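This is model_26.txt. It holds compact mmCIF, C-alpha atoms.
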# COMPACT_ATOMS: atom_id res chain seq x y z
CA MET A 1 19.53 -23.18 141.45
CA SER A 2 21.76 -23.48 144.53
CA PHE A 3 24.63 -25.85 145.18
CA ALA A 4 26.95 -27.13 147.88
CA ILE A 5 30.54 -28.27 147.48
CA GLY A 6 32.49 -30.86 149.44
CA VAL A 7 36.25 -31.31 149.26
CA ASP A 8 38.50 -34.05 150.63
CA ALA A 9 42.06 -32.70 150.58
CA GLY A 10 44.64 -35.29 151.60
CA GLY A 11 48.37 -35.61 151.43
CA THR A 12 48.43 -37.32 148.04
CA SER A 13 45.18 -36.31 146.31
CA THR A 14 42.37 -33.76 146.42
CA ARG A 15 38.79 -34.36 145.31
CA ALA A 16 35.80 -32.04 145.10
CA VAL A 17 32.14 -32.69 144.31
CA LEU A 18 29.25 -30.32 143.56
CA VAL A 19 25.79 -31.40 144.76
CA ASP A 20 22.32 -29.91 144.58
CA ALA A 21 19.58 -29.81 147.22
CA ALA A 22 18.38 -33.26 146.13
CA GLY A 23 21.77 -34.86 146.77
CA ALA A 24 22.66 -35.39 143.12
CA VAL A 25 26.35 -35.08 142.23
CA LEU A 26 26.53 -32.58 139.38
CA GLY A 27 30.26 -32.14 139.00
CA THR A 28 33.60 -33.43 140.21
CA GLY A 29 37.16 -32.15 140.37
CA ARG A 30 40.44 -33.79 141.21
CA GLY A 31 43.99 -32.66 141.90
CA GLU A 32 47.20 -33.50 143.69
CA GLY A 33 47.69 -33.51 147.45
CA ALA A 34 46.88 -30.33 149.39
CA ASN A 35 48.01 -30.90 152.97
CA PRO A 36 49.48 -27.51 153.96
CA ASN A 37 51.90 -29.27 156.28
CA ALA A 38 53.39 -31.12 153.32
CA HIS A 39 53.03 -28.44 150.62
CA ALA A 40 53.49 -24.70 150.53
CA PRO A 41 50.23 -22.93 151.50
CA GLU A 42 49.98 -21.31 148.06
CA VAL A 43 50.32 -24.71 146.40
CA ALA A 44 47.82 -26.44 148.72
CA ALA A 45 45.24 -23.66 148.42
CA GLY A 46 45.68 -23.51 144.66
CA ARG A 47 45.11 -27.24 144.23
CA ILE A 48 41.92 -27.15 146.30
CA ALA A 49 40.67 -24.08 144.43
CA ASP A 50 41.37 -25.72 141.08
CA ALA A 51 39.48 -28.88 142.11
CA ILE A 52 36.52 -26.75 143.22
CA THR A 53 36.56 -24.86 139.92
CA ALA A 54 36.53 -28.13 137.99
CA ALA A 55 33.57 -29.39 140.04
CA ILE A 56 31.61 -26.19 139.43
CA GLY A 57 32.27 -26.42 135.71
CA GLY A 58 30.50 -23.65 133.79
CA ARG A 59 28.07 -22.85 136.60
CA ASP A 60 27.98 -19.63 138.56
CA PRO A 61 30.29 -19.86 141.63
CA GLY A 62 27.98 -17.38 143.31
CA ALA A 63 25.26 -20.05 143.37
CA VAL A 64 27.32 -22.15 145.79
CA ARG A 65 25.67 -21.67 149.18
CA ALA A 66 28.14 -23.66 151.30
CA CYS A 67 31.52 -25.33 150.96
CA VAL A 68 33.15 -27.76 153.41
CA VAL A 69 36.79 -28.70 152.96
CA GLY A 70 38.01 -31.73 154.91
CA MET A 71 41.74 -31.28 155.11
CA ALA A 72 44.68 -33.23 156.41
CA GLY A 73 46.81 -30.67 158.25
CA VAL A 74 43.90 -28.32 158.94
CA SER A 75 45.64 -27.05 162.08
CA LYS A 76 48.00 -25.15 159.78
CA LEU A 77 45.18 -22.70 159.09
CA SER A 78 45.41 -21.47 162.68
CA ASP A 79 48.30 -19.37 161.33
CA PRO A 80 46.68 -16.09 160.15
CA GLY A 81 49.12 -15.82 157.28
CA VAL A 82 48.24 -19.29 155.99
CA ALA A 83 44.51 -18.65 156.46
CA ALA A 84 44.84 -15.48 154.40
CA VAL A 85 46.37 -17.44 151.53
CA PHE A 86 43.39 -19.79 151.49
CA ASP A 87 40.87 -16.93 151.76
CA ALA A 88 42.51 -15.31 148.75
CA ALA A 89 42.18 -18.56 146.79
CA TRP A 90 38.43 -18.76 147.50
CA LYS A 91 37.96 -15.16 146.33
CA ARG A 92 40.03 -15.80 143.20
CA ILE A 93 37.64 -18.50 141.99
CA GLY A 94 34.54 -16.46 142.79
CA LEU A 95 33.18 -18.18 145.91
CA VAL A 96 31.06 -15.80 147.96
CA CYS A 97 29.86 -18.34 150.51
CA GLY A 98 31.76 -19.12 153.65
CA VAL A 99 34.25 -21.97 153.24
CA ARG A 100 34.39 -24.17 156.32
CA THR A 101 37.65 -26.09 156.71
CA VAL A 102 37.51 -29.09 159.03
CA ALA A 103 39.69 -32.05 159.93
CA ASP A 104 39.66 -34.87 157.40
CA ALA A 105 38.44 -37.12 160.22
CA GLU A 106 35.17 -35.18 160.36
CA VAL A 107 34.33 -35.74 156.70
CA ALA A 108 35.37 -39.38 156.93
CA TYR A 109 32.99 -39.87 159.85
CA ALA A 110 30.17 -38.11 158.00
CA SER A 111 30.70 -40.31 154.95
CA ALA A 112 29.76 -43.41 156.95
CA THR A 113 26.90 -42.27 159.17
CA ALA A 114 24.40 -39.46 159.73
CA ALA A 115 24.64 -39.92 163.51
CA PRO A 116 25.75 -36.59 165.00
CA ASP A 117 27.85 -38.17 167.76
CA GLY A 118 30.37 -40.99 167.67
CA THR A 119 34.01 -41.94 167.26
CA VAL A 120 36.27 -41.97 164.21
CA VAL A 121 39.45 -44.06 164.09
CA VAL A 122 41.85 -43.05 161.34
CA ALA A 123 44.87 -45.21 160.52
CA GLY A 124 46.61 -44.56 157.25
CA THR A 125 50.12 -43.18 157.01
CA GLY A 126 49.47 -41.63 160.42
CA SER A 127 46.81 -42.35 163.03
CA ILE A 128 44.36 -40.45 165.21
CA VAL A 129 41.10 -41.11 167.05
CA GLY A 130 38.48 -38.38 167.11
CA ARG A 131 35.50 -37.84 169.38
CA ILE A 132 32.67 -36.49 167.23
CA ARG A 133 29.94 -34.35 168.78
CA ASN A 134 27.27 -32.69 166.66
CA ARG A 135 29.32 -33.72 163.60
CA ARG A 136 32.29 -31.69 164.83
CA LEU A 137 35.63 -32.92 166.14
CA ALA A 138 35.36 -32.33 169.88
CA GLY A 139 38.57 -34.03 171.01
CA THR A 140 41.25 -36.51 170.04
CA THR A 141 43.35 -39.31 171.44
CA GLY A 142 46.62 -40.21 169.77
CA GLY A 143 47.51 -38.50 166.53
CA TYR A 144 50.61 -36.76 167.81
CA GLY A 145 52.64 -37.27 164.65
CA TRP A 146 55.46 -39.65 163.83
CA LEU A 147 57.83 -38.34 166.50
CA LEU A 148 55.42 -38.50 169.44
CA GLY A 149 52.87 -41.11 168.51
CA ASP A 150 50.85 -42.32 165.50
CA GLU A 151 50.63 -45.77 167.10
CA GLY A 152 49.13 -48.40 164.83
CA SER A 153 49.65 -46.33 161.69
CA ALA A 154 51.41 -47.46 158.53
CA PHE A 155 54.41 -45.39 159.66
CA TRP A 156 54.40 -47.15 163.03
CA LEU A 157 54.09 -50.57 161.39
CA GLY A 158 56.96 -49.81 159.04
CA ARG A 159 59.16 -48.60 161.88
CA GLU A 160 58.41 -51.74 163.89
CA ALA A 161 59.23 -53.87 160.84
CA VAL A 162 62.66 -52.24 160.58
CA ARG A 163 63.25 -52.57 164.33
CA SER A 164 62.25 -56.23 164.21
CA THR A 165 64.70 -56.79 161.35
CA LEU A 166 67.49 -55.08 163.28
CA GLU A 167 66.76 -57.29 166.29
CA ALA A 168 66.88 -60.40 164.09
CA LEU A 169 70.23 -59.30 162.70
CA GLY A 170 71.67 -58.46 166.10
CA ARG A 171 70.46 -61.54 167.95
CA GLY A 172 71.35 -64.10 165.32
CA LEU A 173 67.70 -64.93 164.58
CA PRO A 174 66.54 -66.35 161.24
CA LEU A 175 66.29 -63.79 158.44
CA ALA A 176 63.61 -65.55 156.42
CA GLY A 177 60.22 -63.86 156.18
CA LEU A 178 59.82 -60.28 157.40
CA PRO A 179 63.55 -59.50 157.87
CA SER A 180 64.33 -60.74 154.37
CA ALA A 181 61.46 -58.69 152.91
CA VAL A 182 62.61 -55.53 154.72
CA LEU A 183 66.22 -55.98 153.65
CA THR A 184 65.11 -56.54 150.07
CA ALA A 185 62.88 -53.43 150.05
CA ALA A 186 65.32 -51.16 151.90
CA LEU A 187 68.66 -52.25 150.47
CA GLY A 188 67.73 -53.94 147.20
CA LEU A 189 69.11 -57.30 148.35
CA SER A 190 68.14 -60.44 146.50
CA PRO A 191 67.27 -63.66 148.35
CA VAL A 192 70.81 -64.85 147.56
CA ASP A 193 72.23 -61.65 149.08
CA VAL A 194 70.22 -62.20 152.26
CA GLN A 195 71.54 -65.74 152.51
CA ALA A 196 75.06 -64.35 152.08
CA VAL A 197 74.50 -62.13 155.14
CA ASP A 198 74.06 -65.29 157.21
CA VAL A 199 77.01 -67.04 155.56
CA ARG A 200 79.30 -64.17 156.58
CA GLY A 201 78.25 -64.57 160.21
CA ASP A 202 78.58 -61.68 162.65
CA ASP A 203 80.42 -59.50 160.16
CA GLY A 204 77.70 -59.87 157.57
CA ARG A 205 74.90 -59.20 160.06
CA LEU A 206 76.65 -56.15 161.47
CA ALA A 207 77.22 -54.73 157.98
CA ALA A 208 73.58 -55.33 157.03
CA SER A 209 72.39 -53.74 160.26
CA ARG A 210 74.46 -50.61 159.69
CA ALA A 211 73.31 -50.38 156.07
CA LEU A 212 69.64 -50.68 157.12
CA ILE A 213 69.98 -48.00 159.79
CA THR A 214 71.70 -45.70 157.31
CA ALA A 215 69.03 -46.28 154.64
CA ALA A 216 66.16 -45.67 157.06
CA ASN A 217 67.67 -42.43 158.34
CA ALA A 218 68.51 -41.15 154.87
CA GLU A 219 64.83 -40.65 154.00
CA ALA A 220 61.94 -38.70 155.50
CA PRO A 221 60.54 -40.61 158.50
CA VAL A 222 57.15 -41.00 156.84
CA ARG A 223 58.81 -43.18 154.19
CA LEU A 224 58.90 -45.99 156.74
CA ALA A 225 55.20 -46.46 155.97
CA ARG A 226 56.15 -48.28 152.78
CA PHE A 227 57.16 -51.31 154.85
CA ALA A 228 53.69 -51.68 156.41
CA PRO A 229 52.38 -54.07 153.70
CA LEU A 230 55.33 -56.36 154.43
CA VAL A 231 54.08 -56.75 158.00
CA SER A 232 50.59 -57.70 156.81
CA ALA A 233 51.98 -60.24 154.35
CA ALA A 234 54.23 -61.80 156.99
CA HIS A 235 51.30 -61.86 159.43
CA ASP A 236 49.16 -63.73 156.91
CA ALA A 237 52.01 -66.20 156.45
CA GLY A 238 51.92 -66.90 160.18
CA GLU A 239 55.21 -65.29 161.13
CA PRO A 240 55.30 -64.75 164.93
CA ALA A 241 57.16 -61.43 164.88
CA ALA A 242 54.71 -59.94 162.38
CA ARG A 243 51.71 -61.29 164.27
CA GLU A 244 53.01 -59.64 167.43
CA ILE A 245 53.42 -56.28 165.63
CA VAL A 246 49.91 -56.50 164.19
CA ALA A 247 48.45 -57.39 167.59
CA ARG A 248 50.13 -54.39 169.23
CA ALA A 249 48.94 -52.06 166.46
CA ALA A 250 45.35 -53.21 166.88
CA TRP A 251 45.60 -52.89 170.66
CA HIS A 252 46.82 -49.28 170.43
CA LEU A 253 44.08 -48.28 167.98
CA ALA A 254 41.27 -50.00 169.88
CA GLU A 255 42.41 -48.63 173.24
CA ASN A 256 42.58 -45.09 171.86
CA ALA A 257 39.09 -45.54 170.43
CA LEU A 258 37.70 -46.66 173.78
CA ALA A 259 39.54 -43.87 175.58
CA ALA A 260 37.78 -41.31 173.39
CA ARG A 261 34.34 -42.57 174.42
CA GLU A 262 32.26 -41.95 177.50
CA PRO A 263 31.35 -44.90 179.77
CA GLY A 264 28.45 -46.83 178.27
CA GLU A 265 28.46 -44.79 175.05
CA SER A 266 26.62 -46.60 172.26
CA THR A 267 27.32 -44.28 169.33
CA PRO A 268 28.89 -45.55 166.08
CA VAL A 269 32.61 -46.12 165.55
CA VAL A 270 33.86 -45.36 162.04
CA LEU A 271 37.10 -46.96 160.81
CA VAL A 272 39.07 -45.04 158.20
CA GLY A 273 42.31 -45.66 156.32
CA SER A 274 44.30 -48.41 154.65
CA VAL A 275 45.47 -49.97 157.94
CA LEU A 276 41.88 -50.59 159.07
CA THR A 277 39.96 -51.30 155.89
CA GLY A 278 40.04 -53.82 153.07
CA THR A 279 41.80 -57.07 153.93
CA SER A 280 43.98 -55.56 156.65
CA PRO A 281 44.40 -58.00 159.56
CA ILE A 282 44.51 -55.04 161.95
CA GLY A 283 41.00 -53.96 161.02
CA GLY A 284 39.66 -57.38 161.93
CA LEU A 285 41.37 -57.36 165.32
CA VAL A 286 40.11 -53.86 166.09
CA ARG A 287 36.56 -54.88 165.21
CA ARG A 288 36.88 -57.87 167.53
CA ARG A 289 38.07 -55.62 170.37
CA LEU A 290 35.10 -53.29 169.75
CA ALA A 291 32.55 -56.11 169.58
CA GLY A 292 29.13 -54.98 170.76
CA LEU A 293 29.47 -51.53 169.22
CA GLU A 294 28.23 -50.41 165.82
CA VAL A 295 31.45 -50.38 163.79
CA LEU A 296 31.28 -48.88 160.30
CA THR A 297 33.79 -48.25 157.54
CA SER A 298 34.21 -44.92 155.79
CA SER A 299 33.36 -45.21 152.12
CA ASP A 300 34.27 -41.90 150.51
CA GLY A 301 35.37 -38.85 152.48
CA VAL A 302 34.50 -36.41 149.72
CA LEU A 303 30.84 -37.44 149.88
CA GLY A 304 30.92 -36.88 153.63
CA ALA A 305 32.24 -33.36 153.01
CA ALA A 306 29.54 -32.77 150.41
CA TRP A 307 26.82 -33.86 152.82
CA LEU A 308 28.14 -31.59 155.58
CA ALA A 309 28.12 -28.73 153.08
CA ALA A 310 24.57 -29.65 152.00
CA VAL A 311 23.42 -29.56 155.63
CA ASP A 312 25.01 -26.10 155.97
CA ALA A 313 23.31 -24.96 152.78
CA PHE A 314 19.91 -26.65 152.87
CA GLY A 315 19.34 -27.73 156.47
CA GLU A 316 19.24 -30.97 158.44
CA GLY A 317 16.87 -32.58 155.97
CA ALA A 318 19.42 -32.50 153.17
CA PRO A 319 19.71 -35.98 151.63
CA ARG A 320 23.06 -37.71 151.60
CA PRO A 321 24.80 -37.38 148.21
CA ARG A 322 24.47 -40.28 145.82
CA PRO A 323 27.72 -41.56 144.27
Go through the file and emit its structure as structure tokens.
Amino acid sequence: MSFAIGVDAGGTSTRAVLVDAAGAVLGTGRGEGANPNAHAPEVAAGRIADAITAAIGGRDPGAVRACVVGMAGVSKLSDPGVAAVFDAAWKRIGLVCGVRTVADAEVAYASATAAPDGTVVVAGTGSIVGRIRNRRLAGTTGGYGWLLGDEGSAFWLGREAVRSTLEALGRGLPLAGLPSAVLTAALGLSPVDVQAVDVRGDDGRLAASRALITAANAEAPVRLARFAPLVSAAHDAGEPAAREIVARAAWHLAENALAAREPGESTPVVLVGSVLTGTSPIGGLVRRRLAGLEVLTSSDGVLGAAWLAAVDAFGEGAPRPRP
């Protein structure tokens, strides 16, 4: 009996599934995050290898005909030294098949549609838009990281929330709503403390502003993403500043999606990530901007990886894995 393995290795968790030629899921494995940009290569490779081993269970690793690993930070493997660490991990667990590592956007796209061509819009902690051709990532718009881009991402939303709060403090604007929520989350202020900032006038606002800047800069930039839910909550409450931030985020994501497509292209658009799915107001605005196109939502990236591996192992007729 032959198998295929799919892996979705993100920044916070890693999942692996083993499927057969009929698309049945026979085994699963799970581990901590394995983005080689966020973890040492030995740690990232080890976590993926351990998840694969758990998915294989007691079966023969030599019976695995193909393995596809969708990985956040896949560009790190362009370093020969890093690639060698991963190759050693595959050999350690007994895989004899080729292991194909691809961008996590590719497996997310494949989880939502079997169409070979289309567009994938990813907006979680970071953001990127990918142009998919023959199920491979052929080009990107956006996705330049927190310093150069990631417009519309949770990081971007959190940064804009802090900037909006600083503007409210500096311009004497009301602190209720989003500014109060940011000050509470960043500085541990109670509602009474926030009111006291106003009571103290310019001195209080200046002190709060300096404390917020200091707190934001004391942590890794990506930590700003934790403020993103505050923007959504303030948006739903009708707060103008939050609604403006949400509108700009949706505009950036939709424009990048359209920029990745050819004129008149009618292929699917797949939305991925917490900023675009669930009850996110940004997802709704992006869908409205892309009206007339087939817009889908990624369900489970690991099943997309498993299907890509099944196609590699068993051919184009391989059925999509069943959850």
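Comparing the minimum interatomic distances between Val107 in chain A and each of A:Gly284, A:Gly315, A:Gly62, A:Gly301, counting all atoms listed in the file, we find that A:Gly301 sits nearest.
Of the residues listed (A:Thr101, A:Leu290, A:Leu166, A:Ser298), A:Thr101 shows the shortest atom-to-atom separation from Ser75 in chain A; distances use only C-alpha atoms.
Distances here use all atoms listed in the file; by that measure, the residue among A:Gly304, A:Pro41, A:Gly273, A:Pro319 closest to Val102 in chain A is A:Gly304.
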Item to complete: For the point (26.4, -29.6, 150.5) in the file's frame, write as a ChimeraX atom specification all residues with an atom no more than 12 Å away, counting only C-alpha atoms.
Response: /A:2-7,16-26,63-69,97,99-100,107,110,302-322
Between CA of Arg59 in chain A and CA of Asn35 in chain A lies a distance of 27.0 Å
Identify the residues within 12 Å of coordinate (61.4, -64.6, 157.8) (same frame as the file), considering only C-alpha atoms, and give the answer as a PDB file with C-alpha atoms, in the coordinates of the input.
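So the final result, stored in part-v3.pdb, reads:
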ATOM      1  CA  ALA A 161      59.230 -53.870 160.840  1.00  0.00           C
ATOM      2  CA  SER A 164      62.250 -56.230 164.210  1.00  0.00           C
ATOM      3  CA  THR A 165      64.700 -56.790 161.350  1.00  0.00           C
ATOM      4  CA  ALA A 168      66.880 -60.400 164.090  1.00  0.00           C
ATOM      5  CA  LEU A 169      70.230 -59.300 162.700  1.00  0.00           C
ATOM      6  CA  LEU A 173      67.700 -64.930 164.580  1.00  0.00           C
ATOM      7  CA  PRO A 174      66.540 -66.350 161.240  1.00  0.00           C
ATOM      8  CA  LEU A 175      66.290 -63.790 158.440  1.00  0.00           C
ATOM      9  CA  ALA A 176      63.610 -65.550 156.420  1.00  0.00           C
ATOM     10  CA  GLY A 177      60.220 -63.860 156.180  1.00  0.00           C
ATOM     11  CA  LEU A 178      59.820 -60.280 157.400  1.00  0.00           C
ATOM     12  CA  PRO A 179      63.550 -59.500 157.870  1.00  0.00           C
ATOM     13  CA  SER A 180      64.330 -60.740 154.370  1.00  0.00           C
ATOM     14  CA  ALA A 181      61.460 -58.690 152.910  1.00  0.00           C
ATOM     15  CA  VAL A 182      62.610 -55.530 154.720  1.00  0.00           C
ATOM     16  CA  LEU A 183      66.220 -55.980 153.650  1.00  0.00           C
ATOM     17  CA  THR A 184      65.110 -56.540 150.070  1.00  0.00           C
ATOM     18  CA  PRO A 191      67.270 -63.660 148.350  1.00  0.00           C
ATOM     19  CA  VAL A 194      70.220 -62.200 152.260  1.00  0.00           C
ATOM     20  CA  GLN A 195      71.540 -65.740 152.510  1.00  0.00           C
ATOM     21  CA  LEU A 230      55.330 -56.360 154.430  1.00  0.00           C
ATOM     22  CA  VAL A 231      54.080 -56.750 158.000  1.00  0.00           C
ATOM     23  CA  ALA A 233      51.980 -60.240 154.350  1.00  0.00           C
ATOM     24  CA  ALA A 234      54.230 -61.800 156.990  1.00  0.00           C
ATOM     25  CA  HIS A 235      51.300 -61.860 159.430  1.00  0.00           C
ATOM     26  CA  ALA A 237      52.010 -66.200 156.450  1.00  0.00           C
ATOM     27  CA  GLY A 238      51.920 -66.900 160.180  1.00  0.00           C
ATOM     28  CA  GLU A 239      55.210 -65.290 161.130  1.00  0.00           C
ATOM     29  CA  PRO A 240      55.300 -64.750 164.930  1.00  0.00           C
ATOM     30  CA  ALA A 241      57.160 -61.430 164.880  1.00  0.00           C
ATOM     31  CA  ALA A 242      54.710 -59.940 162.380  1.00  0.00           C
TER      32      ALA A 242
END
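Coordinates place CA of Val286 in chain A at a distance of 23.6 Å from CA of Leu147 in chain A.
Of the listed residues (A:Ala38, A:Ala45, A:Ile128, A:Met1), A:Ala45 comes nearest to Trp90 in chain A; the distances count all atoms listed in the file.
With all atoms listed in the file as the atoms that count, the residue of A:Arg92, A:Arg131, A:Lys76, A:Arg47 with the shortest distance to Glu265 in chain A is A:Arg131.
Atom to atom, CA of Ala228 in chain A and CA of Gly172 in chain A stand 23.4 Å apart.
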Could all heavy atoms be built for range 258-268 of chain A and written out as a CSV table (one decimal), in the frame of the given file?
chain,number,residue,atom,x,y,z
A,258,LEU,N,38.5,-46.5,172.5
A,258,LEU,CA,37.7,-46.7,173.8
A,258,LEU,C,38.0,-45.5,174.7
A,258,LEU,O,37.1,-45.0,175.4
A,258,LEU,CB,38.0,-48.0,174.5
A,258,LEU,CG,37.6,-49.2,173.7
A,258,LEU,CD1,38.1,-50.5,174.4
A,258,LEU,CD2,36.1,-49.3,173.6
A,259,ALA,N,39.2,-45.0,174.7
A,259,ALA,CA,39.5,-43.9,175.6
A,259,ALA,C,38.8,-42.6,175.2
A,259,ALA,O,38.6,-41.7,176.0
A,259,ALA,CB,41.0,-43.6,175.6
A,260,ALA,N,38.5,-42.5,173.9
A,260,ALA,CA,37.8,-41.3,173.4
A,260,ALA,C,36.3,-41.3,173.7
A,260,ALA,O,35.6,-40.3,173.5
A,260,ALA,CB,38.0,-41.2,171.9
A,261,ARG,N,35.8,-42.4,174.2
A,261,ARG,CA,34.3,-42.6,174.4
A,261,ARG,C,34.0,-42.5,175.9
A,261,ARG,O,34.8,-42.7,176.8
A,261,ARG,CB,33.9,-43.9,173.9
A,261,ARG,CG,34.1,-44.1,172.4
A,261,ARG,CD,33.9,-45.5,171.9
A,261,ARG,NE,32.5,-45.9,171.9
A,261,ARG,CZ,31.6,-45.5,171.1
A,261,ARG,NH1,31.9,-44.8,170.0
A,261,ARG,NH2,30.3,-46.0,171.2
A,262,GLU,N,32.8,-42.0,176.1
A,262,GLU,CA,32.3,-42.0,177.5
A,262,GLU,C,31.8,-43.3,178.0
A,262,GLU,O,31.4,-44.2,177.2
A,262,GLU,CB,31.1,-41.0,177.6
A,262,GLU,CG,31.5,-39.5,177.2
A,262,GLU,CD,30.3,-38.6,177.0
A,262,GLU,OE1,29.2,-39.1,177.3
A,262,GLU,OE2,30.5,-37.5,176.6
A,263,PRO,N,31.8,-43.6,179.3
A,263,PRO,CA,31.4,-44.9,179.8
A,263,PRO,C,29.9,-45.2,179.3
A,263,PRO,O,29.0,-44.4,179.4
A,263,PRO,CB,31.4,-44.7,181.3
A,263,PRO,CG,32.4,-43.7,181.5
A,263,PRO,CD,32.3,-42.7,180.4
A,264,GLY,N,29.8,-46.4,178.7
A,264,GLY,CA,28.4,-46.8,178.3
A,264,GLY,C,28.0,-46.2,177.0
A,264,GLY,O,26.9,-46.4,176.5
A,265,GLU,N,28.9,-45.4,176.3
A,265,GLU,CA,28.5,-44.8,175.0
A,265,GLU,C,28.2,-45.8,174.0
A,265,GLU,O,28.9,-46.8,173.8
A,265,GLU,CB,29.6,-43.9,174.6
A,265,GLU,CG,29.2,-43.1,173.3
A,265,GLU,CD,30.3,-42.1,173.0
A,265,GLU,OE1,31.1,-41.7,173.8
A,265,GLU,OE2,30.4,-41.7,171.8
A,266,SER,N,27.1,-45.6,173.3
A,266,SER,CA,26.6,-46.6,172.3
A,266,SER,C,26.6,-46.0,170.8
A,266,SER,O,26.0,-46.6,170.0
A,266,SER,CB,25.2,-47.1,172.6
A,266,SER,OG,24.3,-46.0,172.7
A,267,THR,N,27.3,-44.9,170.6
A,267,THR,CA,27.3,-44.3,169.3
A,267,THR,C,28.2,-45.1,168.4
A,267,THR,O,29.0,-45.9,168.8
A,267,THR,CB,27.8,-42.8,169.5
A,267,THR,OG1,29.2,-42.9,170.0
A,267,THR,CG2,27.0,-42.0,170.4
A,268,PRO,N,28.1,-44.8,167.1
A,268,PRO,CA,28.9,-45.6,166.1
A,268,PRO,C,30.4,-45.3,166.2
A,268,PRO,O,30.8,-44.2,166.6
A,268,PRO,CB,28.4,-45.1,164.7
A,268,PRO,CG,27.1,-44.4,165.0
A,268,PRO,CD,27.2,-43.8,166.4
